[in-house]
Every structure is written in structure tokens, then in C-alpha cells.
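The next block is final-v9.tsv, given as TSV, C-alpha atoms.
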```tsv
chain	number	residue	atom	x	y	z
A	299	MET	CA	0.00	0.00	0.00
A	300	VAL	CA	2.81	2.33	0.84
A	301	ASP	CA	4.61	1.56	-2.39
A	302	ASN	CA	1.47	2.24	-4.42
A	303	PHE	CA	0.94	5.51	-2.58
A	304	SER	CA	4.55	6.51	-3.23
A	305	VAL	CA	4.28	5.69	-6.93
A	306	MET	CA	1.03	7.66	-7.10
A	307	MET	CA	2.61	10.69	-5.43
A	308	ILE	CA	5.58	10.59	-7.78
A	309	ALA	CA	3.29	10.27	-10.82
A	310	VAL	CA	1.13	13.18	-9.67
A	311	GLY	CA	4.23	15.29	-9.03
A	312	LEU	CA	5.65	14.48	-12.46
A	313	VAL	CA	2.39	15.27	-14.25
A	314	GLY	CA	1.98	18.50	-12.29
A	315	THR	CA	5.52	19.59	-12.99
A	316	LEU	CA	5.23	18.83	-16.70
A	317	ALA	CA	1.98	20.79	-16.83
A	318	LEU	CA	3.54	23.75	-15.00
A	319	VAL	CA	6.59	23.72	-17.25
A	320	TYR	CA	4.39	23.51	-20.36
A	321	PHE	CA	2.14	26.41	-19.39
A	322	ALA	CA	5.13	28.45	-18.21
A	323	MET	CA	7.31	27.89	-21.26
A	324	VAL	CA	4.77	27.80	-24.08
A	325	GLY	CA	4.22	31.12	-25.78
A	326	PRO	CA	0.96	32.61	-26.97
A	327	SER	CA	-0.59	31.28	-30.15
A	328	GLN	CA	-0.17	33.28	-33.34
A	329	SER	CA	-3.90	33.90	-33.83
A	330	LYS	CA	-4.38	35.15	-30.29
A	331	SER	CA	-1.32	37.41	-30.52
A	332	GLN	CA	-2.63	38.90	-33.78
A	333	ILE	CA	-6.02	39.53	-32.20
A	334	ARG	CA	-4.41	41.22	-29.20
A	335	ARG	CA	-2.23	43.35	-31.49
A	336	LEU	CA	-5.26	44.47	-33.50
A	337	GLU	CA	-7.13	45.30	-30.31
A	338	SER	CA	-4.18	47.30	-29.00
A	339	LEU	CA	-4.00	49.26	-32.27
A	340	ARG	CA	-7.73	49.97	-32.16
A	341	GLU	CA	-7.49	51.12	-28.56
A	342	ARG	CA	-4.44	53.27	-29.29
A	343	HIS	CA	-5.84	55.11	-32.33
A	344	SER	CA	-9.54	55.18	-31.51
A	345	LYS	CA	-11.05	58.51	-30.41
A	346	SER	CA	-14.05	56.95	-28.70
A	347	THR	CA	-14.27	57.47	-24.94
A	348	GLU	CA	-15.88	54.04	-24.50
A	349	VAL	CA	-12.95	52.27	-26.15
A	350	ALA	CA	-10.51	54.28	-24.02
A	351	ALA	CA	-12.39	53.35	-20.85
A	352	GLN	CA	-12.37	49.66	-21.78
A	353	ALA	CA	-8.63	49.80	-22.47
A	354	GLN	CA	-7.98	51.46	-19.11
A	355	LEU	CA	-10.10	48.82	-17.35
A	356	LYS	CA	-8.15	46.02	-19.06
A	357	ARG	CA	-4.85	47.51	-17.95
A	358	ILE	CA	-6.06	47.83	-14.36
A	359	LEU	CA	-7.28	44.22	-14.25
A	360	ALA	CA	-4.06	42.98	-15.86
A	361	ASN	CA	-1.96	44.82	-13.30
A	362	ARG	CA	-4.03	43.37	-10.45
A	363	SER	CA	-3.74	39.81	-11.74
A	364	GLN	CA	-0.01	40.17	-12.21
A	365	THR	CA	0.64	41.68	-8.81
A	366	ARG	CA	-1.30	38.90	-7.04
A	367	VAL	CA	0.93	36.24	-8.54
A	368	ASP	CA	4.19	38.15	-8.62
A	369	SER	CA	3.96	39.73	-5.17
A	370	ILE	CA	4.28	36.32	-3.52
A	371	ALA	CA	7.24	35.41	-5.72
A	372	GLN	CA	8.99	38.71	-5.00
A	373	ARG	CA	9.10	37.87	-1.29
A	374	PHE	CA	11.20	34.76	-1.85
A	375	ILE	CA	13.16	35.54	-5.05
A	376	PRO	CA	16.31	37.61	-4.44
A	377	ARG	CA	16.74	40.57	-6.78
A	378	PRO	CA	13.39	40.19	-8.57
A	379	ALA	CA	14.07	43.19	-10.83
A	380	LEU	CA	17.11	41.47	-12.32
A	381	LEU	CA	15.17	38.24	-12.84
A	382	ARG	CA	12.30	40.13	-14.48
A	383	LYS	CA	14.80	41.78	-16.82
A	384	ARG	CA	16.26	38.38	-17.77
A	385	LEU	CA	12.77	37.03	-18.45
A	386	GLU	CA	12.09	40.00	-20.72
A	387	GLN	CA	15.34	39.32	-22.57
A	388	THR	CA	14.05	35.89	-23.59
A	389	GLY	CA	11.32	37.49	-25.69
A	390	LYS	CA	8.67	35.38	-23.95
A	391	THR	CA	5.70	36.50	-21.89
A	392	TRP	CA	6.90	34.80	-18.73
A	393	THR	CA	6.31	36.25	-15.27
A	394	LEU	CA	7.96	35.87	-11.90
A	395	GLY	CA	5.03	33.79	-10.69
A	396	GLN	CA	5.39	31.27	-13.51
A	397	TYR	CA	9.13	31.06	-12.90
A	398	ALA	CA	8.66	30.49	-9.16
A	399	ILE	CA	5.94	27.85	-9.67
A	400	THR	CA	8.11	25.96	-12.16
A	401	SER	CA	11.10	25.98	-9.79
A	402	LEU	CA	8.92	24.82	-6.90
A	403	GLY	CA	7.43	21.98	-8.94
A	404	ILE	CA	10.82	20.72	-10.11
A	405	THR	CA	12.18	20.87	-6.55
A	406	THR	CA	9.20	18.93	-5.20
A	407	VAL	CA	9.52	16.16	-7.78
A	408	ILE	CA	13.28	15.79	-7.24
A	409	VAL	CA	12.84	15.62	-3.45
A	410	LEU	CA	10.12	12.96	-3.78
A	411	LEU	CA	12.15	10.86	-6.21
A	412	PHE	CA	15.33	10.85	-4.12
A	413	THR	CA	13.44	10.34	-0.86
A	414	MET	CA	11.68	7.29	-2.27
A	415	ARG	CA	15.05	5.95	-3.41
A	416	GLY	CA	16.27	5.95	0.20
A	417	LEU	CA	18.23	9.19	0.23
A	418	PRO	CA	18.09	11.20	3.49
A	419	PHE	CA	15.50	13.96	3.37
A	420	LEU	CA	17.99	16.76	4.04
A	421	LEU	CA	20.31	15.65	1.24
A	422	ALA	CA	17.35	15.11	-1.09
A	423	LEU	CA	16.15	18.63	-0.27
A	424	MET	CA	19.58	20.06	-1.08
A	425	VAL	CA	19.68	18.22	-4.41
A	426	GLY	CA	16.10	19.28	-5.18
A	427	LEU	CA	16.85	22.93	-4.44
A	428	PHE	CA	19.99	22.78	-6.57
A	429	VAL	CA	18.12	21.31	-9.55
A	430	GLY	CA	14.93	23.36	-9.02
A	431	ILE	CA	16.83	26.65	-8.87
A	432	GLY	CA	19.61	25.85	-11.32
A	433	LEU	CA	17.61	24.25	-14.15
A	434	PRO	CA	15.19	27.17	-14.78
A	435	HIS	CA	18.09	29.60	-14.45
A	436	LEU	CA	20.04	27.59	-17.03
A	437	VAL	CA	17.06	27.43	-19.42
A	438	VAL	CA	16.45	31.18	-19.19
A	439	GLY	CA	20.15	31.87	-19.74
A	440	LYS	CA	20.21	29.64	-22.82
A	441	LEU	CA	17.14	31.34	-24.29
A	442	VAL	CA	18.58	34.80	-23.62
A	443	LYS	CA	21.88	33.85	-25.24
A	444	ARG	CA	20.12	32.33	-28.26
A	445	ARG	CA	17.97	35.42	-28.77
A	446	VAL	CA	20.92	37.79	-28.37
A	447	ASN	CA	22.93	35.77	-30.89
A	448	LYS	CA	20.07	35.94	-33.39
A	449	PHE	CA	19.80	39.68	-32.85
A	450	THR	CA	23.54	40.20	-33.23
A	451	SER	CA	23.76	38.14	-36.41
A	452	ARG	CA	21.00	40.14	-38.15
A	453	PHE	CA	21.82	43.56	-36.71
A	454	PRO	CA	24.42	44.51	-39.42
A	455	ASP	CA	21.75	43.77	-42.06
A	456	ALA	CA	19.43	46.17	-40.26
A	457	LEU	CA	22.12	48.86	-40.22
A	458	GLU	CA	22.74	48.44	-43.95
A	459	LEU	CA	19.00	48.71	-44.59
A	460	MET	CA	18.94	51.93	-42.58
A	461	VAL	CA	21.90	53.22	-44.61
A	462	ARG	CA	20.03	52.63	-47.88
A	463	GLY	CA	16.97	54.37	-46.49
A	464	LEU	CA	18.98	57.38	-45.30
A	465	ARG	CA	20.74	57.70	-48.64
A	466	SER	CA	17.40	57.66	-50.42
A	467	GLY	CA	16.26	60.65	-48.34
A	468	LEU	CA	14.20	59.05	-45.57
A	469	PRO	CA	14.47	60.35	-41.98
A	470	ILE	CA	15.90	58.17	-39.25
A	471	SER	CA	12.47	57.61	-37.66
A	472	GLU	CA	11.11	56.15	-40.90
A	473	THR	CA	14.08	53.84	-41.33
A	474	LEU	CA	13.41	52.37	-37.87
A	475	GLY	CA	9.91	51.38	-39.01
A	476	ILE	CA	11.28	49.89	-42.23
A	477	VAL	CA	13.72	47.73	-40.26
A	478	ALA	CA	10.86	46.55	-38.04
A	479	ASP	CA	8.90	45.48	-41.13
A	480	GLU	CA	11.68	43.98	-43.25
A	481	ILE	CA	14.15	42.26	-40.89
A	482	PRO	CA	12.66	39.14	-39.21
A	483	GLY	CA	13.35	37.81	-35.74
A	484	PRO	CA	14.34	39.68	-32.59
A	485	VAL	CA	15.60	42.67	-34.60
A	486	ALA	CA	12.07	43.37	-35.83
A	487	ASP	CA	10.63	43.05	-32.32
A	488	GLU	CA	13.13	45.44	-30.75
A	489	PHE	CA	12.93	48.07	-33.47
A	490	ARG	CA	9.14	47.84	-33.46
A	491	GLN	CA	9.15	48.63	-29.75
A	492	VAL	CA	11.45	51.59	-30.36
A	493	SER	CA	9.18	52.86	-33.14
A	494	ASP	CA	6.07	52.45	-30.98
A	495	LYS	CA	7.67	54.34	-28.10
A	496	MET	CA	8.58	57.20	-30.43
A	497	LYS	CA	4.99	57.36	-31.69
A	498	ILE	CA	3.63	57.89	-28.17
A	499	GLY	CA	6.04	60.74	-27.42
A	500	ARG	CA	9.31	59.19	-26.29
A	501	THR	CA	12.49	60.64	-27.71
A	502	MET	CA	14.62	58.44	-29.90
A	503	GLU	CA	17.57	58.58	-27.49
A	504	VAL	CA	15.46	57.43	-24.54
A	505	ALA	CA	13.74	54.66	-26.52
A	506	LEU	CA	17.05	53.35	-27.88
A	507	GLN	CA	18.75	53.49	-24.48
A	508	GLU	CA	15.91	51.52	-22.87
A	509	THR	CA	16.27	48.87	-25.57
A	510	ALA	CA	20.04	48.80	-25.12
A	511	ASP	CA	19.66	48.32	-21.35
A	512	ARG	CA	17.20	45.47	-21.89
A	513	LEU	CA	19.29	43.69	-24.52
A	514	GLY	CA	22.63	44.16	-22.81
A	515	THR	CA	24.64	43.75	-26.03
A	516	ALA	CA	27.67	45.82	-26.92
A	517	GLU	CA	26.61	46.00	-30.58
A	518	PHE	CA	23.35	47.82	-29.90
A	519	GLN	CA	25.07	50.01	-27.32
A	520	PHE	CA	27.53	51.07	-30.05
A	521	TYR	CA	24.59	51.96	-32.25
A	522	THR	CA	22.90	54.00	-29.53
A	523	ILE	CA	26.07	55.93	-28.71
A	524	THR	CA	26.73	56.54	-32.40
A	525	LEU	CA	23.32	58.11	-32.93
A	526	ALA	CA	23.61	60.21	-29.78
A	527	ILE	CA	27.02	61.58	-30.81
A	528	GLN	CA	25.90	62.21	-34.37
A	529	ARG	CA	22.84	64.20	-33.27
A	530	GLU	CA	25.08	66.44	-31.16
A	531	THR	CA	28.02	66.89	-33.52
A	532	GLY	CA	26.39	66.40	-36.92
A	533	GLY	CA	27.89	64.67	-39.94
A	534	ASN	CA	26.91	62.06	-42.48
A	535	LEU	CA	24.79	59.55	-40.56
A	536	ALA	CA	24.57	57.09	-43.46
A	537	GLU	CA	28.35	56.85	-43.73
A	538	THR	CA	28.68	56.49	-39.95
A	539	LEU	CA	26.18	53.62	-39.83
A	540	ALA	CA	27.85	51.95	-42.82
A	541	ASN	CA	31.20	52.02	-41.00
A	542	LEU	CA	29.52	50.66	-37.86
A	543	ALA	CA	27.97	47.79	-39.82
A	544	ASP	CA	31.39	46.92	-41.28
A	545	VAL	CA	32.98	47.00	-37.80
A	546	LEU	CA	30.26	44.74	-36.37
A	547	ARG	CA	30.71	42.21	-39.17
A	548	LYS	CA	34.47	42.11	-38.59
A	549	ARG	CA	33.84	41.76	-34.85
A	550	ALA	CA	31.52	38.80	-35.45
A	551	ALA	CA	34.12	37.19	-37.74
A	552	MET	CA	36.79	37.60	-35.06
A	553	LYS	CA	34.48	35.95	-32.51
A	554	LEU	CA	33.96	32.96	-34.78
A	555	LYS	CA	37.70	32.65	-35.36
A	556	ILE	CA	38.47	32.69	-31.63
A	557	ARG	CA	35.65	30.21	-31.01
A	558	ALA	CA	37.13	27.80	-33.55
A	559	MET	CA	40.62	28.14	-32.07
A	560	SER	CA	39.42	27.47	-28.51
A	561	SER	CA	36.99	24.65	-29.37
A	562	GLU	CA	39.49	21.90	-28.55
A	563	SER	CA	40.21	23.32	-25.10
A	564	LYS	CA	36.50	23.73	-24.40
A	565	ALA	CA	35.83	20.12	-25.43
A	566	SER	CA	38.58	18.93	-23.09
A	567	ALA	CA	37.10	20.96	-20.24
A	568	TRP	CA	33.64	19.48	-20.88
A	569	ILE	CA	35.01	15.92	-20.93
A	570	VAL	CA	37.03	16.38	-17.73
A	571	GLY	CA	34.08	18.00	-15.95
A	572	ALA	CA	31.51	15.41	-17.05
A	573	LEU	CA	33.65	12.28	-16.53
A	574	PRO	CA	33.07	11.92	-12.74
A	575	PHE	CA	29.29	12.18	-13.17
A	576	ILE	CA	29.32	9.67	-16.02
A	577	VAL	CA	31.34	7.18	-13.94
A	578	PHE	CA	29.03	7.75	-10.96
A	579	THR	CA	25.96	7.03	-13.09
A	580	LEU	CA	27.46	3.90	-14.64
A	581	ILE	CA	28.44	2.46	-11.25
A	582	TRP	CA	24.95	3.29	-9.93
A	583	ILE	CA	23.43	1.28	-12.79
A	584	ILE	CA	25.84	-1.66	-12.40
A	585	ASN	CA	25.95	-1.87	-8.59
A	586	PRO	CA	23.20	0.21	-6.93
A	587	SER	CA	23.89	-1.11	-3.41
A	588	TYR	CA	27.49	0.15	-3.50
A	589	MET	CA	26.47	3.67	-4.49
A	590	HIS	CA	23.56	3.60	-2.03
A	591	THR	CA	26.09	3.15	0.78
A	592	PHE	CA	27.99	6.11	-0.62
A	593	LEU	CA	24.85	8.26	-0.34
A	594	THR	CA	23.84	7.15	3.16
A	595	ASP	CA	27.19	7.20	4.97
A	596	GLN	CA	27.76	10.68	6.42
A	597	ARG	CA	31.54	10.45	6.06
A	598	LEU	CA	31.32	9.61	2.38
A	599	MET	CA	28.74	12.38	1.92
A	600	VAL	CA	31.16	14.94	3.37
A	601	VAL	CA	33.99	13.63	1.19
A	602	GLY	CA	31.75	13.73	-1.87
A	603	CYS	CA	30.68	17.33	-1.18
A	604	GLY	CA	34.32	18.33	-0.79
A	605	GLY	CA	35.18	16.64	-4.07
A	606	LEU	CA	32.35	18.45	-5.82
A	607	VAL	CA	33.58	21.78	-4.47
A	608	TRP	CA	37.15	21.18	-5.66
A	609	MET	CA	35.93	19.93	-9.02
A	610	GLY	CA	33.74	23.01	-9.37
A	611	ILE	CA	36.75	25.22	-8.70
A	612	GLY	CA	38.75	23.36	-11.35
A	613	VAL	CA	35.95	23.61	-13.94
A	614	PHE	CA	35.60	27.33	-13.20
A	615	ILE	CA	39.34	27.87	-13.72
A	616	MET	CA	39.27	25.93	-17.00
A	617	SER	CA	36.25	27.90	-18.23
A	618	GLN	CA	38.03	31.17	-17.47
A	619	MET	CA	41.11	29.99	-19.35
A	620	VAL	CA	39.15	29.33	-22.55
A	621	SER	CA	36.85	32.38	-22.36
A	622	PHE	CA	37.87	35.44	-24.40
A	623	GLU	CA	36.28	38.87	-24.56
A	624	ILE	CA	36.43	40.98	-27.70
```
Exercise: express the given structure as C-alpha cells:
Amino acid sequence: MVDNFSVMMIAVGLVGTLALVYFAMVGPSQSKSQIRRLESLRERHSKSTEVAAQAQLKRILANRSQTRVDSIAQRFIPRPALLRKRLEQTGKTWTLGQYAITSLGITTVIVLLFTMRGLPFLLALMVGLFVGIGLPHLVVGKLVKRRVNKFTSRFPDALELMVRGLRSGLPISETLGIVADEIPGPVADEFRQVSDKMKIGRTMEVALQETADRLGTAEFQFYTITLAIQRETGGNLAETLANLADVLRKRAAMKLKIRAMSSESKASAWIVGALPFIVFTLIWIINPSYMHTFLTDQRLMVVGCGGLVWMGIGVFIMSQMVSFEI
């Protein structure tokens, strides 16, 4: 009876965690996003007082629903503003509440699994907290890095498109809208936000600086500084942006060259860092009783934690040796 109850609890935890991860990670459907965009445009440009009142009511209700979920998460998450910024950098509509619920679900499942396998509750809790906090953080970091790389790879194309628009006589504000319509991916999203902010009264410098702070990329920061200096000193903006696009392409080529040269060292670091865990897993599969003693004996647990700390220090040193900044 106890075994059946344990299996049932693990199954319920797994299903609940998968459901939480699905609803937290899945983005909005394309049809619903188009409907919301059309509604936002109608509310923004409509002169009817009834439409304006409905839009204000929607914003109030949305803020209430968000604060109810996020206020609880803000009490337990350290530096919630930084985490909210990282969630915005992914390009998804994730909130602090969804992030906290996902972490809590993963932690609960890991604790249940290791407790049912005979691991002490305190050690299982430590492992669950490590996985529950580290896995969502790793996923968010990967998504942010992927989106930034996509933006960086297409950003020189956007600059060259702006150069052609400026040389044909278009103002800089119009070229921002053209980039938002012609360049796909994160570049279009970011430039569309800049263009929308300028339409509601924000200055171009403020809108670009807010985007640069959210992206956190040196390439867009170069672009923002270039426009700010050019507006103060004057000069040929098209030629300046063309030179910036050429510099960014050469910078990307240098990054790829350094990445190729350091790939062997990075592969060696990955192999050395993963080898102890691979051996541990293989011995666990071959002789579970031997590894179970390793997890229940307090002396071996202390030795294992010390080994993990020293191995973490070694992996950190190797990662710093093969990391280069341009």
C-alpha cells in the first residue's frame, strides 16, 4: 500500500511539474497574438471614450492579476528586478510567478524521487533545491543567449538597410519602421518597440537606451552611442552607420575565429568535468547497493561534497582559461 501511494505521489508530481513547465514555457498562439495586437491598435488610435475606458479597465485588471501572482514570488526571489529583466530578454511573456511555480514543482519532484530511493531527506532537499533553482536559471540563460545571438547576427543587415533608407532621403524615424517590417526575428521586435515608443512621445535617445539596457549587447550600445554623438556633432549619418555595420561584421568574424581556435580546449574541459558524473551514473546502474552506501554514509557524503567543491573550482578555472572577450 505504501509503495502504491509513493508511486502515485511521484506520478502526480511528475504530471503536475510537466503541466507547469508547459504552461510556463509555451508562448501565446499566433492567432491570439494577432487579435491582441489588432485590439491594441484599435485602442491606441480610436477617439471613442468608450474604447478608451475599456482599455484602461483592461490595464487595471491585468496589473491586479499580475501583482497577485508576482507579489508572492517577490518575497522569496532575491533581486526580482534582475530576474524580471532576464525574463524579458528571452522574448517570452513569462512572469515571476510562472518562474517560481516551475522551480517549486521541479524541486518537489526531485525531493520525492530521491526520498523514495532511500536518500536522506535533508540531502534530497539540497539536491532538489539545486536542480529546481539551477535548471530554470540555465534554461532562461540559454534562451537569452540564443535570442541575443540571433539579434547580433542580423543587426548589421538592419544597419545596412537603414543606410540605404537614409541615402534615399528618408528620416531616421522612418528607417526604424522599415527595419521593423523587413528584418525578421528579434531585430524586428526590438525596433518595433522603439518605433512604438517614439509614436507615443518618447524621444529616440530614450527609446534606444531603454532597448540597449534590456538587450545588454555591446553592438546595440555602439549603435545608440553613435546616434547620440551624431545628433550632437552632426555629420553624415549614413556613412557612420555603414562604418559601424562593417565594424560589427568584422567583430563577429573575429568571434567565430576565436571560437574555432578554442573549441578543442572547451571540449577537453567538458570531458574532464563530465567524466566523474558519467562514472558515478554507470556504477549506480551496475551496482546500486554500493552507491547507495555512498549516499547514506555521512563520512562519504562529506567527502563527496568536498570533491564536488574542488571539481567546481577546477571547472571554473578551465572555463576562465578558454573564455575570451572581444
Original post:
So, counting all atoms listed in the file, which residue among A:Thr391, A:Thr579, A:Thr531, A:Ser617 is closest to A:Ala565?
Top reply: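 Going through A:Thr391, A:Thr579, A:Thr531, A:Ser617 one by one, the smallest distance to A:Ala565 is for A:Ser617.
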Subject >> d(atom CA of A:Thr413, atom CA of A:Gly571) in Å >> reply: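 Going from atom CA of A:Thr413 over to atom CA of A:Gly571 covers 26.7 Å.
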Subject >> Nearest-residue call for A:Val425, choices A:Cys603, A:Gly483, A:Glu530, A:Leu525, using all atoms listed in the file >> reply: A:Cys603
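We find atom CA of A:Val477 and atom CA of A:Glu458 to be spaced 9.8 Å apart.
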Subject >> Within 8 Å of A:Thr473 using only C-alpha atoms, minus same-chain residues under 4 positions, as a list in words >> reply: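 The residues satisfying every condition are Leu459, Met460, Gly463, Leu464, Leu468, Pro469 and Val477 of chain A.
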Subject >> Long-range neighbours of stretch 580-594 of chain A as a VMD selection string, 10 Å cut-off, all atoms listed in the file, 3 positions minimum in chain >> reply: chain A and resid 415 to 418 421 574 to 577 597 to 602
For the contact check between stretch 443-477 of chain A and stretch 494-500 of chain A, emit one row per residue of stretch 443-477 of chain A within 12 Å, containing the shortest atom pair and the distance in Å rounded to one decimal, counting only C-alpha atoms, chain then rising number order, as a Markdown table.
```
| residue | atom | partner | partner_atom | distance |
| --- | --- | --- | --- | --- |
| A:Ile470 | CA | A:Met496 | CA | 11.5 |
| A:Ser471 | CA | A:Met496 | CA | 8.2 |
| A:Glu472 | CA | A:Met496 | CA | 10.8 |
| A:Leu474 | CA | A:Asp494 | CA | 10.1 |
| A:Gly475 | CA | A:Asp494 | CA | 9.0 |
```
Original post:
Quick one: distance from atom CA of A:Leu554 to atom CA of A:Glu537 in Å, one decimal?
Top reply: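 For atom CA of A:Leu554 relative to atom CA of A:Glu537, the distance reads 26.1 Å.
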